[in-house]
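Shown here: structure.cif, mmCIF, C-alpha atoms.
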```
data_my_file
loop_
_atom_site.group_PDB
_atom_site.id
_atom_site.type_symbol
_atom_site.label_atom_id
_atom_site.label_comp_id
_atom_site.auth_asym_id
_atom_site.auth_seq_id
_atom_site.Cartn_x
_atom_site.Cartn_y
_atom_site.Cartn_z
ATOM 1 C CA MET A 1 -10.740 -21.647 17.109
ATOM 2 C CA ASP A 2 -10.418 -23.455 13.789
ATOM 3 C CA ILE A 3 -7.391 -22.036 11.970
ATOM 4 C CA THR A 4 -8.261 -23.569 8.583
ATOM 5 C CA ARG A 5 -11.602 -21.718 8.567
ATOM 6 C CA ASN A 6 -9.623 -18.476 8.187
ATOM 7 C CA GLN A 7 -7.566 -19.631 5.217
ATOM 8 C CA PRO A 8 -9.100 -18.478 1.931
ATOM 9 C CA SER A 9 -8.938 -20.378 -1.317
ATOM 10 C CA ALA A 10 -9.798 -19.392 -4.887
ATOM 11 C CA GLY A 11 -13.338 -20.635 -4.444
ATOM 12 C CA ARG A 12 -13.753 -18.726 -1.178
ATOM 13 C CA PHE A 13 -12.266 -15.435 -2.388
ATOM 14 C CA TRP A 14 -15.635 -13.652 -2.226
ATOM 15 C CA SER A 15 -16.202 -14.841 1.326
ATOM 16 C CA TRP A 16 -13.720 -12.153 2.432
ATOM 17 C CA PHE A 17 -16.417 -9.600 1.655
ATOM 18 C CA ILE A 18 -19.263 -11.332 3.493
ATOM 19 C CA PRO A 19 -19.539 -9.947 7.037
ATOM 20 C CA ILE A 20 -21.741 -12.753 8.389
ATOM 21 C CA ARG A 21 -20.545 -15.048 11.213
ATOM 22 C CA ARG A 22 -17.062 -13.597 11.011
ATOM 23 C CA ASP A 23 -14.758 -13.491 14.028
ATOM 24 C CA ILE A 24 -12.268 -10.726 14.723
ATOM 25 C CA GLY A 25 -9.376 -12.769 13.307
ATOM 26 C CA SER A 26 -11.159 -13.125 9.998
ATOM 27 C CA TRP A 27 -11.851 -9.385 9.946
ATOM 28 C CA ALA A 28 -8.162 -8.625 10.491
ATOM 29 C CA PHE A 29 -7.222 -11.114 7.785
ATOM 30 C CA ALA A 30 -9.764 -9.782 5.251
ATOM 31 C CA LEU A 31 -8.993 -6.142 6.114
ATOM 32 C CA ASN A 32 -5.312 -6.701 5.331
ATOM 33 C CA ARG A 33 -6.052 -8.250 1.944
ATOM 34 C CA VAL A 34 -8.832 -5.936 0.801
ATOM 35 C CA THR A 35 -6.780 -2.835 1.663
ATOM 36 C CA ALA A 36 -3.692 -4.398 0.022
ATOM 37 C CA LEU A 37 -5.554 -4.992 -3.252
ATOM 38 C CA GLY A 38 -7.034 -1.493 -3.217
ATOM 39 C CA LEU A 39 -3.687 0.148 -2.460
ATOM 40 C CA THR A 40 -1.895 -1.877 -5.159
ATOM 41 C CA PHE A 41 -4.468 -0.807 -7.737
ATOM 42 C CA TYR A 42 -4.136 2.815 -6.588
ATOM 43 C CA LEU A 43 -0.310 2.712 -6.704
ATOM 44 C CA PHE A 44 -0.234 1.824 -10.391
ATOM 45 C CA LEU A 45 -3.033 4.274 -11.214
ATOM 46 C CA HIS A 46 -1.110 6.990 -9.327
ATOM 47 C CA LEU A 47 2.074 6.272 -11.295
ATOM 48 C CA VAL A 48 0.238 6.435 -14.607
ATOM 49 C CA ILE A 49 -1.446 9.746 -13.659
ATOM 50 C CA LEU A 50 1.878 11.236 -12.554
ATOM 51 C CA GLY A 51 2.990 10.686 -16.157
ATOM 52 C CA LYS A 52 1.095 13.932 -16.857
ATOM 53 C CA LEU A 53 4.015 15.729 -15.207
ATOM 54 C CA ALA A 54 6.149 14.752 -18.189
ATOM 55 C CA GLN A 55 3.553 16.304 -20.544
ATOM 56 C CA GLY A 56 4.062 19.794 -19.146
ATOM 57 C CA PRO A 57 2.224 22.211 -16.838
ATOM 58 C CA GLY A 58 -1.003 22.333 -18.881
ATOM 59 C CA ALA A 59 -1.692 18.612 -18.624
ATOM 60 C CA TYR A 60 -0.811 18.364 -14.922
ATOM 61 C CA ASP A 61 -2.621 21.468 -13.701
ATOM 62 C CA GLU A 62 -5.674 20.353 -15.698
ATOM 63 C CA PHE A 63 -5.577 17.124 -13.700
ATOM 64 C CA LEU A 64 -5.260 19.090 -10.439
ATOM 65 C CA VAL A 65 -8.609 20.770 -11.163
ATOM 66 C CA LEU A 66 -10.126 17.273 -11.187
ATOM 67 C CA THR A 67 -8.899 16.665 -7.628
ATOM 68 C CA GLU A 68 -11.498 19.177 -6.411
ATOM 69 C CA ASN A 69 -14.266 16.888 -7.682
ATOM 70 C CA PRO A 70 -16.120 15.418 -4.630
ATOM 71 C CA LEU A 71 -15.896 11.879 -6.044
ATOM 72 C CA ILE A 72 -12.127 12.144 -6.522
ATOM 73 C CA LYS A 73 -11.821 13.576 -2.997
ATOM 74 C CA LEU A 74 -13.812 10.626 -1.670
ATOM 75 C CA GLY A 75 -11.441 8.306 -3.534
ATOM 76 C CA GLU A 76 -8.437 10.087 -1.992
ATOM 77 C CA TRP A 77 -10.031 9.723 1.430
ATOM 78 C CA ALA A 78 -10.568 5.977 0.838
ATOM 79 C CA VAL A 79 -6.936 5.525 -0.245
ATOM 80 C CA ALA A 80 -5.617 7.375 2.810
ATOM 81 C CA ALA A 81 -7.930 5.395 5.116
ATOM 82 C CA ALA A 82 -6.862 2.110 3.493
ATOM 83 C CA ALA A 83 -3.181 3.058 3.920
ATOM 84 C CA VAL A 84 -3.677 3.810 7.631
ATOM 85 C CA LEU A 85 -5.650 0.601 8.242
ATOM 86 C CA HIS A 86 -3.190 -1.545 6.261
ATOM 87 C CA GLY A 87 -0.150 0.095 7.872
ATOM 88 C CA LEU A 88 -1.350 -0.283 11.454
ATOM 89 C CA ASN A 89 -2.667 -3.816 10.898
ATOM 90 C CA GLY A 90 0.722 -4.515 9.288
ATOM 91 C CA ILE A 91 2.592 -3.326 12.392
ATOM 92 C CA ARG A 92 0.614 -5.892 14.410
ATOM 93 C CA ILE A 93 1.640 -8.605 11.925
ATOM 94 C CA ILE A 94 5.315 -7.573 12.107
ATOM 95 C CA LEU A 95 5.269 -7.517 15.912
ATOM 96 C CA THR A 96 3.783 -10.989 16.129
ATOM 97 C CA SER A 97 6.140 -12.235 13.390
ATOM 98 C CA PHE A 98 9.012 -11.468 15.722
ATOM 99 C CA GLY A 99 7.285 -12.955 18.759
ATOM 100 C CA VAL A 100 5.964 -9.720 20.282
ATOM 101 C CA GLY A 101 2.405 -9.788 21.626
ATOM 102 C CA VAL A 102 1.615 -13.191 20.134
ATOM 103 C CA THR A 103 -0.776 -14.062 22.956
ATOM 104 C CA ARG A 104 -2.395 -10.616 22.852
ATOM 105 C CA GLN A 105 -3.177 -10.308 19.161
ATOM 106 C CA LYS A 106 -6.808 -9.327 19.693
ATOM 107 C CA GLN A 107 -5.835 -6.513 22.047
ATOM 108 C CA LEU A 108 -3.135 -5.402 19.614
ATOM 109 C CA PHE A 109 -5.658 -5.399 16.770
ATOM 110 C CA TYR A 110 -8.225 -3.391 18.740
ATOM 111 C CA GLY A 111 -5.524 -0.961 19.894
ATOM 112 C CA PHE A 112 -4.148 -0.351 16.400
ATOM 113 C CA MET A 113 -7.626 0.001 14.925
ATOM 114 C CA ALA A 114 -8.480 2.573 17.619
ATOM 115 C CA ILE A 115 -5.370 4.553 16.572
ATOM 116 C CA ALA A 116 -6.429 4.150 12.916
ATOM 117 C CA ILE A 117 -9.865 5.629 13.654
ATOM 118 C CA VAL A 118 -8.283 8.643 15.367
ATOM 119 C CA VAL A 119 -5.897 9.217 12.425
ATOM 120 C CA ILE A 120 -8.718 8.790 9.886
ATOM 121 C CA LEU A 121 -10.919 11.255 11.796
ATOM 122 C CA PHE A 122 -8.004 13.717 11.842
ATOM 123 C CA PHE A 123 -7.444 13.732 8.101
ATOM 124 C CA THR A 124 -11.178 13.613 7.398
ATOM 125 C CA ALA A 125 -11.533 16.861 9.335
ATOM 126 C CA ARG A 126 -8.491 18.250 7.470
ATOM 127 C CA MET A 127 -9.899 17.260 4.035
ATOM 128 C CA TYR A 128 -13.466 18.489 4.562
ATOM 129 C CA MET B 129 0.868 -13.078 1.862
ATOM 130 C CA SER B 130 1.878 -14.276 5.222
ATOM 131 C CA GLN B 131 -0.670 -13.177 7.743
ATOM 132 C CA THR B 132 -1.610 -13.841 11.299
ATOM 133 C CA THR B 133 -5.280 -14.527 11.699
ATOM 134 C CA LEU B 134 -5.328 -13.988 15.495
ATOM 135 C CA SER B 135 -5.980 -17.708 15.761
ATOM 136 C CA SER B 136 -2.647 -18.717 14.265
ATOM 137 C CA PRO B 137 0.423 -18.228 16.470
ATOM 138 C CA VAL B 138 2.634 -16.017 14.303
ATOM 139 C CA SER B 139 2.977 -14.731 10.774
ATOM 140 C CA GLU B 140 5.350 -16.887 8.725
ATOM 141 C CA PRO B 141 6.139 -17.644 5.057
ATOM 142 C CA ARG B 142 3.411 -19.523 3.229
ATOM 143 C CA PRO B 143 4.115 -22.704 1.271
ATOM 144 C CA GLY B 144 5.628 -21.497 -2.002
ATOM 145 C CA GLU B 145 6.932 -18.300 -0.421
ATOM 146 C CA ASN B 146 10.709 -18.069 0.026
ATOM 147 C CA THR B 147 11.735 -16.961 3.538
ATOM 148 C CA TRP B 148 13.874 -14.123 2.168
ATOM 149 C CA ILE B 149 10.990 -12.844 0.027
ATOM 150 C CA TRP B 150 8.722 -12.970 3.077
ATOM 151 C CA LEU B 151 11.376 -11.125 5.120
ATOM 152 C CA ILE B 152 11.688 -8.406 2.434
ATOM 153 C CA LYS B 153 7.918 -7.852 2.622
ATOM 154 C CA ILE B 154 8.039 -7.667 6.422
ATOM 155 C CA VAL B 155 11.041 -5.265 6.443
ATOM 156 C CA THR B 156 9.724 -2.980 3.667
ATOM 157 C CA GLY B 157 6.428 -2.581 5.567
ATOM 158 C CA PRO B 158 7.633 -0.304 8.396
ATOM 159 C CA LEU B 159 10.043 1.451 6.020
ATOM 160 C CA LEU B 160 7.053 2.314 3.837
ATOM 161 C CA ILE B 161 5.074 3.702 6.760
ATOM 162 C CA ILE B 162 7.861 6.230 7.384
ATOM 163 C CA VAL B 163 8.552 7.135 3.737
ATOM 164 C CA LEU B 164 4.868 7.173 2.768
ATOM 165 C CA GLY B 165 4.137 9.478 5.710
ATOM 166 C CA LEU B 166 6.818 11.896 4.467
ATOM 167 C CA HIS B 167 5.617 11.574 0.862
ATOM 168 C CA LEU B 168 2.004 12.358 1.832
ATOM 169 C CA ALA B 169 2.963 15.239 4.107
ATOM 170 C CA VAL B 170 5.129 16.907 1.449
ATOM 171 C CA ASN B 171 2.886 16.295 -1.555
ATOM 172 C CA HIS B 172 -0.486 16.881 0.068
ATOM 173 C CA TYR B 173 0.104 19.425 2.821
ATOM 174 C CA LEU B 174 3.063 21.628 1.851
ATOM 175 C CA GLY B 175 2.007 22.630 -1.680
ATOM 176 C CA THR B 176 0.897 26.150 -2.580
ATOM 177 C CA MET B 177 -2.633 25.145 -3.632
ATOM 178 C CA ALA B 178 -5.453 25.859 -1.171
ATOM 179 C CA SER B 179 -5.887 22.099 -0.718
ATOM 180 C CA GLY B 180 -2.192 21.724 0.105
ATOM 181 C CA LEU B 181 -1.417 19.891 -3.139
ATOM 182 C CA MET B 182 1.649 20.870 -5.153
ATOM 183 C CA THR B 183 1.281 22.629 -8.489
ATOM 184 C CA TYR B 184 3.441 21.722 -11.478
ATOM 185 C CA GLN B 185 5.875 24.537 -10.631
ATOM 186 C CA ASP B 186 6.043 23.426 -6.958
ATOM 187 C CA ILE B 187 6.996 19.900 -8.060
ATOM 188 C CA ILE B 188 9.636 21.029 -10.569
ATOM 189 C CA GLN B 189 11.190 23.283 -7.934
ATOM 190 C CA TYR B 190 11.027 20.528 -5.312
ATOM 191 C CA TYR B 191 12.797 18.066 -7.632
ATOM 192 C CA GLN B 192 15.757 20.395 -8.175
ATOM 193 C CA ASN B 193 17.258 19.098 -4.940
ATOM 194 C CA PRO B 194 18.898 15.800 -6.051
ATOM 195 C CA ILE B 195 18.039 14.189 -2.714
ATOM 196 C CA ILE B 196 14.310 14.395 -3.550
ATOM 197 C CA PRO B 197 14.249 12.287 -6.743
ATOM 198 C CA THR B 198 16.661 9.872 -5.033
ATOM 199 C CA ILE B 199 14.297 9.440 -2.072
ATOM 200 C CA GLU B 200 11.284 9.170 -4.374
ATOM 201 C CA ILE B 201 13.015 6.429 -6.421
ATOM 202 C CA ILE B 202 13.922 4.516 -3.231
ATOM 203 C CA PHE B 203 10.300 4.930 -2.138
ATOM 204 C CA LEU B 204 9.093 3.665 -5.524
ATOM 205 C CA VAL B 205 11.303 0.556 -5.442
ATOM 206 C CA THR B 206 10.236 -0.191 -1.859
ATOM 207 C CA VAL B 207 6.513 0.280 -2.449
ATOM 208 C CA VAL B 208 6.450 -1.676 -5.742
ATOM 209 C CA THR B 209 8.421 -4.535 -4.140
ATOM 210 C CA HIS B 210 6.150 -4.644 -1.079
ATOM 211 C CA CYS B 211 2.994 -4.486 -3.215
ATOM 212 C CA LEU B 212 3.973 -7.178 -5.667
ATOM 213 C CA ILE B 213 5.304 -9.599 -3.035
ATOM 214 C CA GLY B 214 2.053 -9.006 -1.137
ATOM 215 C CA LEU B 215 -0.014 -9.560 -4.270
ATOM 216 C CA ARG B 216 1.854 -12.824 -4.909
ATOM 217 C CA GLY B 217 1.103 -13.821 -1.322
ATOM 218 C CA ILE B 218 -2.600 -13.214 -1.862
ATOM 219 C CA ILE B 219 -2.447 -15.304 -5.041
ATOM 220 C CA LEU B 220 -0.667 -18.018 -3.005
ATOM 221 C CA ASP B 221 -3.720 -18.046 -0.728
ATOM 222 C CA THR B 222 -5.746 -19.383 -3.632
ATOM 223 C CA ASN B 223 -3.470 -22.446 -3.892
ATOM 224 C CA PRO B 224 -2.339 -22.078 -7.524
ATOM 225 C CA SER B 225 -0.537 -24.926 -9.315
ATOM 226 C CA ARG B 226 3.269 -24.679 -9.653
ATOM 227 C CA ASN B 227 2.959 -23.738 -13.332
ATOM 228 C CA VAL B 228 0.435 -20.996 -12.672
ATOM 229 C CA LEU B 229 2.529 -19.694 -9.779
ATOM 230 C CA SER B 230 5.631 -19.634 -11.972
ATOM 231 C CA ILE B 231 3.806 -17.630 -14.672
ATOM 232 C CA VAL B 232 2.338 -15.263 -12.060
ATOM 233 C CA THR B 233 5.767 -14.736 -10.505
ATOM 234 C CA TRP B 234 7.317 -13.828 -13.852
ATOM 235 C CA LEU B 235 4.430 -11.525 -14.746
ATOM 236 C CA LEU B 236 4.809 -9.740 -11.406
ATOM 237 C CA VAL B 237 8.582 -9.401 -11.914
ATOM 238 C CA ILE B 238 8.026 -7.928 -15.393
ATOM 239 C CA LEU B 239 5.322 -5.600 -14.041
ATOM 240 C CA GLY B 240 7.546 -4.474 -11.162
ATOM 241 C CA VAL B 241 10.636 -3.880 -13.318
ATOM 242 C CA SER B 242 8.515 -2.000 -15.882
ATOM 243 C CA PHE B 243 6.950 0.300 -13.307
ATOM 244 C CA VAL B 244 10.230 0.960 -11.513
ATOM 245 C CA GLY B 245 11.853 1.749 -14.874
ATOM 246 C CA TYR B 246 8.948 4.028 -15.785
ATOM 247 C CA GLY B 247 9.097 5.720 -12.364
ATOM 248 C CA ILE B 248 12.853 6.342 -12.637
ATOM 249 C CA TRP B 249 12.394 7.776 -16.143
ATOM 250 C CA LEU B 250 9.576 10.008 -14.822
ATOM 251 C CA ALA B 251 11.634 11.258 -11.845
ATOM 252 C CA VAL B 252 14.538 12.120 -14.148
ATOM 253 C CA ALA B 253 12.174 13.762 -16.670
ATOM 254 C CA ILE B 254 10.617 15.931 -13.932
ATOM 255 C CA ALA B 255 13.993 16.902 -12.460
ATOM 256 C CA SER B 256 15.359 17.834 -15.892
ATOM 257 C CA GLN B 257 12.514 20.306 -16.517
ATOM 258 C CA GLY B 258 13.865 22.744 -13.941
#
```
How does this structure look as structure tokens?
Amino acid sequence: MDITRNQPSAGRFWSWFIPIRRDIGSWAFALNRVTALGLTFYLFLHLVILGKLAQGPGAYDEFLVLTENPLIKLGEWAVAAAAVLHGLNGIRIILTSFGVGVTRQKQLFYGFMAIAIVVILFFTARMY
Amino acid sequence: MSQTTLSSPVSEPRPGENTWIWLIKIVTGPLLIIVLGLHLAVNHYLGTMASGLMTYQDIIQYYQNPIIPTIEIIFLVTVVTHCLIGLRGIILDTNPSRNVLSIVTWLLVILGVSFVGYGIWLAVAIASQG
């Protein structure tokens, strides 16, 4: 397998989002980055929104009403799913960083993604 | 961001990424999984709203225990650090010049310090409303 093919560059940034002729390693690589970018954006948005707590109960509870909006709920679901996928993919990276399961990375990836699907299904059922 | 691709042997620091910075990202990862799990469980499942979310009063009451804002601030520092080191790693993937990387690094430091400062102020402001 050609390692350099998996290394993105500025000009190939958008190739992360193209699911054609992609091997499992590229999926793991792209999944980690796409979820990281999404979660980083959400973190700062979350902090800004929590600023409503400093404005008193009216402002915050008004925001809470918004959380019942189906689009906002879908966004919450996406954030939670991204966190689970990024976290479990991250555990695989940490394990291999310290020499654990280096020769079984594909199995580790499939195993962690199977756990991720179970966790995502659990909170999907809980949310809806 | 250092990343195994399943075809590379192990995750390791990228060119331009200090080993200690890489190690901080790797160590804060599992720490975040634990703290984020607790944060989500408390804020999204134990509140008095039908959805499990906390109301304003729930949060003010919750923050009266000094351990809570302390944990939330530790969580904030950890998550901001992990995010921004990761973001820098992703930018490193695009092979920026040394000058661009230096500017990006400083911008990320300023962004991180600003948000941690804002978060600490917010935690103290919430706790003081009780």
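Distances to Val34 (chain A) were evaluated for A:Leu108, A:Val65, A:Leu85, A:Ala114 using only C-alpha atoms, and the minimum falls at A:Leu85.
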Practice problem: Provide as a VMD selection string the residues of chain A at most 9 Å from chain B, counting all atoms listed in the file. | Solution: chain A and resid 1 to 3 6 to 13 24 to 29 32 to 33 36 to 37 39 to 40 43 to 44 47 50 to 51 53 to 54 56 to 58 60 to 61 64 68 83 to 84 87 to 88 90 to 94 96 to 99 102 to 106 109 127
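With distances restricted to only C-alpha atoms, B:Ile202 is the closest residue to Val163 (chain B) from B:Tyr190, B:Thr176, B:Ile202, B:Glu145.
In this model, the gap between CA of Val48 (chain A) and CA of Ala116 (chain A) comes to 28.4 Å.
Of the listed residues (B:Arg216, B:Arg142, B:His172, B:His167), B:Arg216 comes nearest to Gly240 (chain B); the distances count all atoms listed in the file.
The coordinates place CA of Arg126 (chain A) at 12.3 Å from CA of Ala169 (chain B).
Between CA of Ala81 (chain A) and CA of Gly101 (chain A) lies a distance of 24.7 Å.
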If you count all atoms listed in the file, which residues fall within 9 Å of Val79 (chain A), apart from same-chain ones fewer than 3 positions away, as a short mmCIF file (atom, residue, chain, number, x, y, z; two decimals) with C-alpha atoms, in the frame of the given file?
```
data_model
loop_
_atom_site.label_atom_id
_atom_site.label_comp_id
_atom_site.auth_asym_id
_atom_site.auth_seq_id
_atom_site.Cartn_x
_atom_site.Cartn_y
_atom_site.Cartn_z
CA THR A 35 -6.78 -2.84 1.66
CA GLY A 38 -7.03 -1.49 -3.22
CA LEU A 39 -3.69 0.15 -2.46
CA TYR A 42 -4.14 2.82 -6.59
CA LEU A 74 -13.81 10.63 -1.67
CA GLY A 75 -11.44 8.31 -3.53
CA GLU A 76 -8.44 10.09 -1.99
CA ALA A 82 -6.86 2.11 3.49
CA ALA A 83 -3.18 3.06 3.92
CA VAL A 84 -3.68 3.81 7.63
#
```
